[in-house]
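Visitor: Submitted below is the structure of interest, expressed as structure tokens.
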Amino acid sequence: MLTVSNLRFAYNNHKKFSFPSFSCAEGDALLILGNSGSGKTTLLHILALLLQPESGSIQINKQEFVGLTPRETAKMRARHLGIIYQKSHFVSSLTVLDNLILANYLADKELSKQRASQLAESLGFHELLEKKTTLLSGGEQQRVSIARALMNNPEVILADEPTSNLDDENCEKVINLLENQAKNIGASLVIVTHDQRLKDKFSHKIILS
Ligand SMILES: Nc1ncnc2c1ncn2[C@@H]1O[C@H](COP(=O)(O)OP(=O)(O)OP(=O)(O)O)[C@@H](O)[C@H]1O
């Protein structure tokens, strides 16, 4: 269970945010909507422990994630969060398989080729495992990003605008993939977006203003 309360953040004296409190249960999905500039990416970066809030709390299964040291923060991020960025970031000198296994390494977990292979199978890119990531199409990169986010069976999956560059058919596919995979591992799925197509697909949502 992800529980977020009273988060406040400021880039400077003129740009301050006070975010609504919310929670998201295991296997549940939450949509965070809002106009451009409303602070969606800022909130996602706070949840991803990339920005430190001035105050407030982020708890996963009652464990507090705000106020840790940088070292603890990096470890917690790698172990408990799966992050799907809007633009994929891979180590270009490594194969798809090694990029997936790297997620295990960064979380100090046992390296599991088997988990990588199983995810590649269920996300439909098994034939790409030995390829370099630079050779992948945008859609393929996105599926590999989803797989990488799932490698450590995280409690929380954070996705930043996962459908903004996709046509309707692929939008539907990616959302179904994300929802099914999150349910399979019992993760809370948080999607930040301004994609109005997703509005009616999710009952649990918050709107930033
Ligand atoms: N590093 C920064 N320093 C100062 N202001 C910033 C910084 N990053 C973002 N902002 C401002 O904070 C506000 C929220 O930005 P953010 O990127 O979180 O919005 P968003 O809702 O994700 O927008 P979009 O949908 O356009 O991506 C914007 O007004 C932006 O200009």
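Ordering of the structure tokens sets the chain letters (A, B, ...); residue numbers start at 1 within each chain; ligands are numbered from 1 in the order shown.
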At a cut-off of 10 Å, can you tabulate as JSON lines every residue of range 88-114 of chain A near range 65-82 of chain A together with its closest atom pair and the distance in Å to one decimal, using only C-alpha atoms and ordering rows by chain then number?

Guide:
{"residue": "A:Ala103", "atom": "CA", "partner": "A:Ala78", "partner_atom": "CA", "distance": 7.2}
{"residue": "A:Asn104", "atom": "CA", "partner": "A:Ala78", "partner_atom": "CA", "distance": 8.2}
{"residue": "A:Tyr105", "atom": "CA", "partner": "A:Ala78", "partner_atom": "CA", "distance": 9.1}
{"residue": "A:Leu106", "atom": "CA", "partner": "A:Ala78", "partner_atom": "CA", "distance": 6.2}
{"residue": "A:Ala107", "atom": "CA", "partner": "A:Ala78", "partner_atom": "CA", "distance": 4.8}
{"residue": "A:Asp108", "atom": "CA", "partner": "A:Arg79", "partner_atom": "CA", "distance": 8.0}
{"residue": "A:Lys109", "atom": "CA", "partner": "A:Arg79", "partner_atom": "CA", "distance": 8.3}

Visitor: Dump the neighbourhood of ligand 1 as a count of residues only: all residues within 12 Å, distances computed on only C-alpha atoms and all ligand atoms.

Guide: 41

Visitor: If I take CA of Thr3 in chain A and CA of Glu179 in chain A, how far is one from the other in Å, to one decimal?

Guide: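 Value for the CA of Thr3 in chain A-CA of Glu179 in chain A distance: 19.3 Å.
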
Visitor: List the spatial neighbours of Val174 in chain A as a list in words - criterion: any atom at most 9 Å away, only C-alpha atoms, same-chain residues fewer than 6 positions off excluded.

Guide: Gln142, Arg143, Pro162, Thr163 and Leu166 of chain A

Visitor: Report the distance between CA of Arg148 in chain A and CA of Thr134 in chain A in Å, rounded to one decimal place.

Guide: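 Interatomic distance, CA of Arg148 in chain A to CA of Thr134 in chain A: 15.7 Å.
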
Visitor: Within 7 Å of Lys132 in chain A, counting only C-alpha atoms, which residues show up once you throw out same-chain ones fewer than 4 positions away? Write them as JSON, numbers by chain, please.

Guide: {"A": [92, 93, 94, 95, 96]}

Visitor: For CA of Leu102 in chain A and CA of Ile146 in chain A, quote the distance in Å rounded to one decimal.

Guide: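 One can read the CA of Leu102 in chain A to CA of Ile146 in chain A distance as 14.0 Å.
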
Visitor: Taking the chain letters and numbering used in this document, name the residues of range 175-204 of chain A that DSSP puts in helix (DSSP H, G or I), as a list in words.

Guide: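 So the helix (DSSP H, G or I) residues in range 175-204 of chain A would be Ile175, Asn176, Leu177, Leu178, Glu179, Asn180, Gln181, Ala182, Lys183, Asn184, Ile185, Gln196, Arg197 and Leu198 of chain A.
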
Visitor: What would the file look like if the residues just selected were written as a tab-separated table (two decimals), in the first residue's frame with N, CA and C atoms?

Guide:
chain	number	residue	atom	x	y	z
A	175	ILE	N	-1.53	0.27	-21.81
A	175	ILE	CA	-2.24	0.41	-20.54
A	175	ILE	C	-2.67	-0.97	-20.02
A	176	ASN	N	-3.15	-1.82	-20.92
A	176	ASN	CA	-3.54	-3.17	-20.48
A	176	ASN	C	-2.35	-3.95	-19.95
A	177	LEU	N	-1.21	-3.82	-20.68
A	177	LEU	CA	0.02	-4.49	-20.24
A	177	LEU	C	0.42	-4.03	-18.84
A	178	LEU	N	0.43	-2.71	-18.66
A	178	LEU	CA	0.84	-2.15	-17.37
A	178	LEU	C	-0.09	-2.62	-16.25
A	179	GLU	N	-1.39	-2.53	-16.51
A	179	GLU	CA	-2.36	-2.91	-15.48
A	179	GLU	C	-2.25	-4.39	-15.14
A	180	ASN	N	-2.14	-5.24	-16.19
A	180	ASN	CA	-2.07	-6.68	-15.94
A	180	ASN	C	-0.80	-7.06	-15.19
A	181	GLN	N	0.32	-6.47	-15.64
A	181	GLN	CA	1.60	-6.81	-15.00
A	181	GLN	C	1.60	-6.34	-13.54
A	182	ALA	N	1.05	-5.15	-13.29
A	182	ALA	CA	1.00	-4.63	-11.92
A	182	ALA	C	0.13	-5.56	-11.05
A	183	LYS	N	-0.99	-5.97	-11.59
A	183	LYS	CA	-1.88	-6.88	-10.84
A	183	LYS	C	-1.17	-8.19	-10.54
A	184	ASN	N	-0.46	-8.73	-11.58
A	184	ASN	CA	0.25	-10.01	-11.41
A	184	ASN	C	1.19	-10.02	-10.23
A	185	ILE	N	1.90	-8.91	-10.03
A	185	ILE	CA	2.86	-8.89	-8.93
A	185	ILE	C	2.31	-8.15	-7.71
A	196	GLN	N	-5.97	12.54	-22.19
A	196	GLN	CA	-7.40	12.51	-21.84
A	196	GLN	C	-8.03	11.14	-22.16
A	197	ARG	N	-7.38	10.34	-23.03
A	197	ARG	CA	-7.94	9.03	-23.37
A	197	ARG	C	-7.99	8.11	-22.16
A	198	LEU	N	-7.12	8.38	-21.17
A	198	LEU	CA	-7.04	7.47	-20.01
A	198	LEU	C	-8.06	7.81	-18.93

Visitor: Please return as a PyMOL selection string: the residues of range 10-202 of chain A that backbone DSSP assigns to strand (DSSP E or B).

Guide: chain A and resi 10+16-18+22-24+29-34+55-60+63-64+81-84+95+132+156-160+188-192

Visitor: Export, as an mmCIF file, in the first residue's frame, the selected residues with N, CA and C atoms.

Guide:
data_model
loop_
_atom_site.group_PDB
_atom_site.id
_atom_site.type_symbol
_atom_site.label_atom_id
_atom_site.label_comp_id
_atom_site.auth_asym_id
_atom_site.auth_seq_id
_atom_site.Cartn_x
_atom_site.Cartn_y
_atom_site.Cartn_z
ATOM 1 N N ALA A 10 9.063 23.067 -3.108
ATOM 2 C CA ALA A 10 9.298 24.375 -3.737
ATOM 3 C C ALA A 10 10.563 24.307 -4.591
ATOM 4 N N LYS A 16 5.846 27.100 -5.742
ATOM 5 C CA LYS A 16 5.639 26.210 -4.593
ATOM 6 C C LYS A 16 4.457 25.296 -4.874
ATOM 7 N N PHE A 17 4.508 24.083 -4.364
ATOM 8 C CA PHE A 17 3.431 23.107 -4.581
ATOM 9 C C PHE A 17 2.984 22.523 -3.255
ATOM 10 N N SER A 18 1.665 22.317 -3.170
ATOM 11 C CA SER A 18 1.119 21.581 -2.042
ATOM 12 C C SER A 18 0.217 20.511 -2.662
ATOM 13 N N PHE A 22 -3.085 11.069 -0.912
ATOM 14 C CA PHE A 22 -3.774 9.957 -1.568
ATOM 15 C C PHE A 22 -3.138 8.640 -1.142
ATOM 16 N N SER A 23 -3.840 7.554 -1.452
ATOM 17 C CA SER A 23 -3.233 6.233 -1.247
ATOM 18 C C SER A 23 -3.601 5.331 -2.418
ATOM 19 N N CYS A 24 -2.855 4.257 -2.565
ATOM 20 C CA CYS A 24 -3.098 3.334 -3.674
ATOM 21 C C CYS A 24 -2.762 1.926 -3.174
ATOM 22 N N ALA A 29 -4.787 0.758 -9.364
ATOM 23 C CA ALA A 29 -4.137 1.743 -10.230
ATOM 24 C C ALA A 29 -4.693 3.129 -9.933
ATOM 25 N N LEU A 30 -3.821 4.122 -9.954
ATOM 26 C CA LEU A 30 -4.218 5.513 -9.689
ATOM 27 C C LEU A 30 -3.717 6.387 -10.829
ATOM 28 N N LEU A 31 -4.605 7.239 -11.329
ATOM 29 C CA LEU A 31 -4.232 8.144 -12.401
ATOM 30 C C LEU A 31 -4.049 9.545 -11.812
ATOM 31 N N ILE A 32 -2.925 10.184 -12.122
ATOM 32 C CA ILE A 32 -2.731 11.578 -11.703
ATOM 33 C C ILE A 32 -2.805 12.446 -12.949
ATOM 34 N N LEU A 33 -3.858 13.258 -13.018
ATOM 35 C CA LEU A 33 -4.106 14.088 -14.195
ATOM 36 C C LEU A 33 -3.850 15.553 -13.850
ATOM 37 N N GLY A 34 -3.723 16.383 -14.866
ATOM 38 C CA GLY A 34 -3.565 17.815 -14.616
ATOM 39 C C GLY A 34 -3.063 18.495 -15.869
ATOM 40 N N SER A 55 8.221 18.938 3.128
ATOM 41 C CA SER A 55 7.562 18.225 4.226
ATOM 42 C C SER A 55 6.574 17.225 3.641
ATOM 43 N N GLY A 56 6.030 16.394 4.529
ATOM 44 C CA GLY A 56 5.078 15.381 4.078
ATOM 45 C C GLY A 56 5.669 13.988 4.164
ATOM 46 N N SER A 57 4.873 13.031 3.750
ATOM 47 C CA SER A 57 5.278 11.643 3.956
ATOM 48 C C SER A 57 4.924 10.772 2.747
ATOM 49 N N ILE A 58 5.842 9.854 2.423
ATOM 50 C CA ILE A 58 5.574 8.835 1.408
ATOM 51 C C ILE A 58 5.849 7.496 2.092
ATOM 52 N N GLN A 59 4.815 6.684 2.237
ATOM 53 C CA GLN A 59 5.021 5.385 2.895
ATOM 54 C C GLN A 59 4.624 4.251 1.967
ATOM 55 N N ILE A 60 5.455 3.208 1.959
ATOM 56 C CA ILE A 60 5.096 1.979 1.262
ATOM 57 C C ILE A 60 5.026 0.905 2.334
ATOM 58 N N GLN A 63 6.346 1.871 5.667
ATOM 59 C CA GLN A 63 7.758 2.252 5.799
ATOM 60 C C GLN A 63 7.943 3.644 5.171
ATOM 61 N N GLU A 64 8.595 4.550 5.913
ATOM 62 C CA GLU A 64 8.731 5.941 5.459
ATOM 63 C C GLU A 64 9.889 6.080 4.461
ATOM 64 N N LEU A 81 10.732 0.461 -5.956
ATOM 65 C CA LEU A 81 10.017 1.198 -7.000
ATOM 66 C C LEU A 81 10.402 0.686 -8.379
ATOM 67 N N GLY A 82 9.411 0.635 -9.272
ATOM 68 C CA GLY A 82 9.680 0.389 -10.691
ATOM 69 C C GLY A 82 9.278 1.656 -11.417
ATOM 70 N N ILE A 83 10.239 2.273 -12.136
ATOM 71 C CA ILE A 83 9.941 3.578 -12.743
ATOM 72 C C ILE A 83 9.996 3.473 -14.270
ATOM 73 N N ILE A 84 8.931 3.930 -14.913
ATOM 74 C CA ILE A 84 8.902 3.954 -16.377
ATOM 75 C C ILE A 84 8.887 5.417 -16.797
ATOM 76 N N THR A 95 23.278 -5.279 -23.897
ATOM 77 C CA THR A 95 22.124 -5.864 -24.592
ATOM 78 C C THR A 95 20.851 -5.594 -23.779
ATOM 79 N N LYS A 132 21.257 -5.003 -28.965
ATOM 80 C CA LYS A 132 21.578 -3.748 -28.273
ATOM 81 C C LYS A 132 20.321 -2.862 -28.274
ATOM 82 N N VAL A 156 5.632 -0.652 -5.858
ATOM 83 C CA VAL A 156 5.001 0.496 -6.514
ATOM 84 C C VAL A 156 5.612 0.684 -7.905
ATOM 85 N N ILE A 157 4.735 0.864 -8.910
ATOM 86 C CA ILE A 157 5.202 1.160 -10.271
ATOM 87 C C ILE A 157 4.767 2.579 -10.606
ATOM 88 N N LEU A 158 5.732 3.404 -11.024
ATOM 89 C CA LEU A 158 5.440 4.797 -11.389
ATOM 90 C C LEU A 158 5.654 4.947 -12.895
ATOM 91 N N ALA A 159 4.651 5.452 -13.599
ATOM 92 C CA ALA A 159 4.788 5.610 -15.052
ATOM 93 C C ALA A 159 4.510 7.059 -15.432
ATOM 94 N N ASP A 160 5.480 7.657 -16.148
ATOM 95 C CA ASP A 160 5.373 9.060 -16.547
ATOM 96 C C ASP A 160 4.907 9.138 -17.998
ATOM 97 N N SER A 188 1.186 -1.441 -6.606
ATOM 98 C CA SER A 188 0.351 -0.249 -6.800
ATOM 99 C C SER A 188 0.881 0.451 -8.045
ATOM 100 N N LEU A 189 -0.018 0.791 -8.960
ATOM 101 C CA LEU A 189 0.396 1.420 -10.221
ATOM 102 C C LEU A 189 -0.040 2.880 -10.217
ATOM 103 N N VAL A 190 0.932 3.794 -10.363
ATOM 104 C CA VAL A 190 0.612 5.224 -10.404
ATOM 105 C C VAL A 190 1.011 5.762 -11.772
ATOM 106 N N ILE A 191 0.043 6.300 -12.496
ATOM 107 C CA ILE A 191 0.298 6.816 -13.842
ATOM 108 C C ILE A 191 0.064 8.327 -13.843
ATOM 109 N N VAL A 192 1.090 9.055 -14.254
ATOM 110 C CA VAL A 192 0.978 10.504 -14.378
ATOM 111 C C VAL A 192 0.781 10.828 -15.851
#
